[in-house]
Each structure stands twice: as C-alpha cells, then as structure tokens.
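Peer 1: First the structure, which I've put down as structure tokens, then a few questions once you've had a look.
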Amino acid sequence: MAEGERQPPPDSSEETPPTTQNFIIPKKEIHTVPDMGKWKRSQAYADYIGFILTLNEGVKGKKLTFDYKVSEEAENLVATVVPTHLAAAVPEVAVYLKEAVGNSTRIDYGTGHEAAFAAFLCCLCKIGVLRVDDQVAIVFKVFDRYLEVMRKLQKTYRMEPAGSQGVWGLDDFQFLPFIWGSSQLIDHPHLEPRHFVDEKAVSENHKDYMFLQCILFITEMKTGPFAEHSNQLWNISAVPSWSKVNQGLIRMYKAECLEKFPVIQHFKFGSLLPIHPVTSG
C-alpha cells in the first residue's frame with residue numbers, strides 16, 4: 001500500500017441542530033450501476049466519508065481505555081434516545097438503526113449493514129444529539145458495543161456474510177473497526193503491523209485496540225493457517241507502518257465498499273443524508 005496524503009478532518013460531526021428542517025423517511029435512490037455517479041457526487045457521500053475520517057482522526061493513538069469526554073446530551077441519549085424537541089427526526093434516524101443489524105430474511109450481515117449504523121451515528125451528530133466532543137466515545141463506547149452485539153449474533157446464528165469476497169476480502173463482516181483500529185495504533189512504541197499475526201501480541205493487547213479485537217474474533221471463528229483464511233490481512237501485516245495501513249484501508253474502503261453497487265444499492269437517503277449533489281461553501 002502506498003501512503004496517500006492525509007486529508008484534514010472535516011467538520012461533518014460538528015453540525016448545528018436543524019431548527020426548521022422537514023424530516024423525511026429515507027428511501028433507496030441507487031437502482032442501477034449508472035446511479036453510482038449520483039451517490040459519489042451526493043451530499044450524503046461527502047458527509048458520510050467526512051464523518052468516518054473525523055472519527056479516524058479522533059481515535060488516533062488512543063487505547064480503548066482512553067479517558068474520553070462524553071457530552072451531557074450523549075449521556076442522556078441512553079435514557080431518552082432523542083430529545084423531545086427533535087422528536088420529528090426519530091422516524092428518519094431510526095431507519096438507519098433498523099438497517100444496521102442484518103437482514104432478517106436472508107440472515108446475513110455485512111459492510112452495508114455496518115455502514116447503516118455509522119450513518120445512524122452520523123445522523124445523531126447532524127441533529128445535535130451527539131457532538132464533536134463525543135467523537136472518541138462514539139467509536140470506543142457506542143460503536144465498540146455495537147460490534148459486541150453483532151459478534152454475538154454472528155456466533156449464535158452463524159449469519160451469512162453479505163456480499164463477502166471470501167478469502168480475498170478483508171473480513172467477512174466488518175471494515176470500519178480495521179480503519180479506526182489501525183488509527184489507534186499509529187506511532188505505537190512497539191506494536192507494529194507485523195505483530196497482529198502474532199498470537200501472543202494479540203492476546204496481550206486486544207482489550208486496548210479495536211484492530212486486534214477484530215483479529216482475535218477472526219481466529220475464533222475460522223480454522224486453518226491465517227495466511228490462507230485471511231490472505232488480505234496477512235498481506236497487510238507486511239506493511240511497514242500503521243499510518244500506511246490506515247491510509248491504505250481508507251482507500252480500500254472507498255473502493256471496495258462505498259463504490260460498489262451491491263453495497264450502495266441498499267443505502268437510504270433522506271433529509272439528513274440527501275442524494276442531492278454536494279453544495280460548495
């Protein structure tokens with residue numbers, strides 16, 4: 001992976017709550033492959049990838065046990081979900097949460113469902129329920145808990161990977177924890193990419209680092225040599241630095257997830273993540 005230029009963290013997670021916004025039920029807009037151009041030019045794409053990159057910057061160099069700030073609004077989220085004055089946003093935001101737990105008919109789960117949960121969190125930021133101060137807690141507390149639930153479902157129901165590329169894919173189910181997890185490990189004093197294929201290193205450090213949690217889960221779910229069942233990750237272990245891993249994974253996420261019709265055809269667009277072209281200024 002060649003190291004690309006680091007993009008400055010965007011301001012998508014620092015939205016001011018809409019006061020007179022007309023919320024709508026999100027719907028699918030990407031029906032054919034040519035529609036992918038609309039997606040890549042859309043405000044939704046710009047806001048979504050901006051949100052992902054902002055969180056990527058926020059967790060850089062931090063352990064899962066980092067003493068992060070949580071705004072009062074985020075604490076109240078557990079009890080009230082969405083404040084009364086934003087009740088009109090609930091039907092729109094809830095669509096993304098419903099989409100985030102897999103397909104109940106096919107009993108499958110994949111990166112499209114994971115993206116729906118990230119979109120749910122992005123929407124909570126856009127209506128002001130979560131704030132920029134919460135960016136570390138969004139990853140370490142909320143998203144990490146989501147991963148715990150989904151891993152339990154995967155173990156219990158042996159969910160099928162949705163759109164998996166098999167041995168040539170990064171992972172059957174997740175992608176974002178590898179991005180944010182590699183950001184955590186940037187400039188680590190002794191853990192290098194080559195160490196994540198070392199069973200002892202994973203065992204001793206997985207509680208602090210999301211990337212290593214992912215590796216541990218893979219080894220629990222799959223049998224055989226790591227290089228055979230997770231060839232893409234095995235190749236990544238040869239990359240010399242975590243910053244290069246992180247930038248390479250961001251590019252890979254855009255190419256293999258956000259620019260793939262089978263994934264994006266299921267994404268839904270509303271007033272918070274609209275299909276209209278990105279506006280300048």
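Order determines the names: the first chain of the structure tokens is A, the second B, and so forth; residues in each chain are numbered 1 upward, and ligands are numbered 1 upward as they are shown.
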Can you pull out every residue within 8 Å of range 23-40 of chain A, counting only C-alpha atoms, but drop anything in the same chain fewer than 3 positions away, and send it as an MDAnalysis selection string?
Peer 2: chainID A and resid 44:46 88:89 91:92 95 259 261 264:272 275:277
Peer 1: DSSP on the backbone, strand (DSSP E or B) only: what residues of range 76-271 of chain A does that give? Format it as an MDAnalysis selection string.
Peer 2: chainID A and resid 103 108:109 160:161 268:269
Peer 1: Could you give me, as JSON, numbers by chain, each residue of range 140-243 of chain A that DSSP assigns to alpha helix (DSSP H) when run on this structure's backbone?
Peer 2: {"A": [144, 145, 146, 147, 148, 149, 150, 151, 152, 153, 154, 155, 156, 157, 176, 177, 178, 179, 180, 181, 182, 183, 184, 199, 200, 201, 202, 203, 204, 205, 210, 211, 212, 213, 214, 215, 216, 217, 218, 219, 220, 221, 226, 227, 228, 229, 231, 232, 233, 234, 235, 236, 242, 243]}
Peer 1: Do you have the CA of Val59 in chain A-CA of Val136 in chain A distance handy?
Peer 2: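 Answer for the CA of Val59 in chain A to CA of Val136 in chain A separation: 5.6 Å.
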Peer 1: Find the residue from A:Tyr253, A:Leu170, A:Asn56, A:Phe178 that sits nearest to Gln232 in chain A; use only C-alpha atoms when measuring.
Peer 2: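 Result for the nearest residue to Gln232 in chain A: A:Leu170.
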Peer 1: Taking into account only C-alpha atoms, which residue in the set A:Ile236, A:Ile52, A:Met159, A:Leu153 is nearest to Leu121 in chain A?
Peer 2: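 The closest residue to Leu121 in chain A is A:Ile52.
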Peer 1: Could you list, as a list in words, every residue within 9 Å of range 211-222 of chain A, counting only C-alpha atoms and ignoring same-chain residues fewer than 6 positions away?
Peer 2: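 Those residues are Arg151, Lys155, Asp171, Gln174, Pro177, Phe178, Ile179, Trp180, Gly181, Ser182, Gln184, Leu185, Phe196, Val197, Glu199, Ala201, Val202, Ser203, Asn205, His229 and Ser230 of chain A.
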Peer 1: Store the residues of this selection in a file with N, CA, C and O atoms, as a short mmCIF file (atom, residue, chain, number, x, y, z; two decimals), in the first residue's frame.
Peer 2:
data_model
loop_
_atom_site.label_atom_id
_atom_site.label_comp_id
_atom_site.auth_asym_id
_atom_site.auth_seq_id
_atom_site.Cartn_x
_atom_site.Cartn_y
_atom_site.Cartn_z
N ARG A 151 -21.17 -9.41 16.92
CA ARG A 151 -20.35 -10.63 17.01
C ARG A 151 -21.11 -11.73 17.74
O ARG A 151 -21.00 -12.91 17.39
N LYS A 155 -22.03 -15.31 16.09
CA LYS A 155 -21.71 -16.59 16.72
C LYS A 155 -22.96 -17.43 16.96
O LYS A 155 -22.97 -18.64 16.74
N ASP A 171 -12.47 -8.85 5.45
CA ASP A 171 -13.16 -9.55 6.53
C ASP A 171 -14.57 -9.87 6.04
O ASP A 171 -15.12 -9.16 5.20
N GLN A 174 -16.97 -6.99 8.82
CA GLN A 174 -16.68 -5.61 9.23
C GLN A 174 -15.59 -4.98 8.38
O GLN A 174 -14.80 -5.67 7.73
N PRO A 177 -13.92 -1.06 11.92
CA PRO A 177 -13.02 -1.23 13.07
C PRO A 177 -11.56 -1.45 12.67
O PRO A 177 -10.67 -1.17 13.47
N PHE A 178 -11.33 -1.93 11.45
CA PHE A 178 -9.95 -2.04 10.98
C PHE A 178 -9.36 -0.66 10.69
O PHE A 178 -8.19 -0.41 10.97
N ILE A 179 -10.19 0.22 10.12
CA ILE A 179 -9.72 1.59 9.84
C ILE A 179 -9.43 2.31 11.15
O ILE A 179 -8.32 2.79 11.39
N TRP A 180 -10.44 2.39 12.01
CA TRP A 180 -10.27 3.11 13.27
C TRP A 180 -9.26 2.41 14.18
O TRP A 180 -8.51 3.05 14.91
N GLY A 181 -9.22 1.08 14.12
CA GLY A 181 -8.27 0.33 14.95
C GLY A 181 -6.84 0.56 14.52
O GLY A 181 -5.93 0.63 15.36
N SER A 182 -6.60 0.69 13.21
CA SER A 182 -5.24 0.97 12.75
C SER A 182 -4.84 2.40 13.12
O SER A 182 -3.67 2.67 13.42
N GLN A 184 -5.73 3.90 15.87
CA GLN A 184 -5.35 3.80 17.28
C GLN A 184 -3.87 3.45 17.45
O GLN A 184 -3.23 3.89 18.40
N LEU A 185 -3.37 2.64 16.53
CA LEU A 185 -2.02 2.08 16.68
C LEU A 185 -0.93 2.92 16.01
O LEU A 185 0.25 2.58 16.10
N PHE A 196 0.32 -8.18 14.47
CA PHE A 196 -1.08 -8.60 14.62
C PHE A 196 -1.31 -10.04 14.15
O PHE A 196 -2.39 -10.59 14.37
N VAL A 197 -0.30 -10.65 13.52
CA VAL A 197 -0.43 -12.08 13.20
C VAL A 197 0.29 -12.93 14.25
O VAL A 197 0.39 -14.15 14.08
N GLU A 199 0.07 -14.47 17.78
CA GLU A 199 -0.99 -14.83 18.73
C GLU A 199 -0.75 -14.22 20.11
O GLU A 199 -1.69 -13.75 20.76
N ALA A 201 0.95 -11.45 20.91
CA ALA A 201 0.75 -10.00 20.87
C ALA A 201 -0.74 -9.66 20.87
O ALA A 201 -1.18 -8.71 21.53
N VAL A 202 -1.53 -10.41 20.13
CA VAL A 202 -2.98 -10.20 20.08
C VAL A 202 -3.61 -10.48 21.43
O VAL A 202 -4.43 -9.70 21.94
N SER A 203 -3.21 -11.60 22.04
CA SER A 203 -3.77 -11.99 23.34
C SER A 203 -3.49 -10.95 24.42
O SER A 203 -4.35 -10.65 25.25
N ASN A 205 -2.87 -7.66 24.00
CA ASN A 205 -3.22 -6.27 23.71
C ASN A 205 -4.61 -6.05 23.13
O ASN A 205 -5.01 -4.90 22.89
N HIS A 229 -6.92 -18.33 5.36
CA HIS A 229 -8.30 -17.89 5.53
C HIS A 229 -8.46 -16.37 5.52
O HIS A 229 -9.56 -15.85 5.33
N SER A 230 -7.36 -15.63 5.74
CA SER A 230 -7.43 -14.16 5.74
C SER A 230 -6.23 -13.59 4.99
O SER A 230 -5.40 -12.86 5.55
#
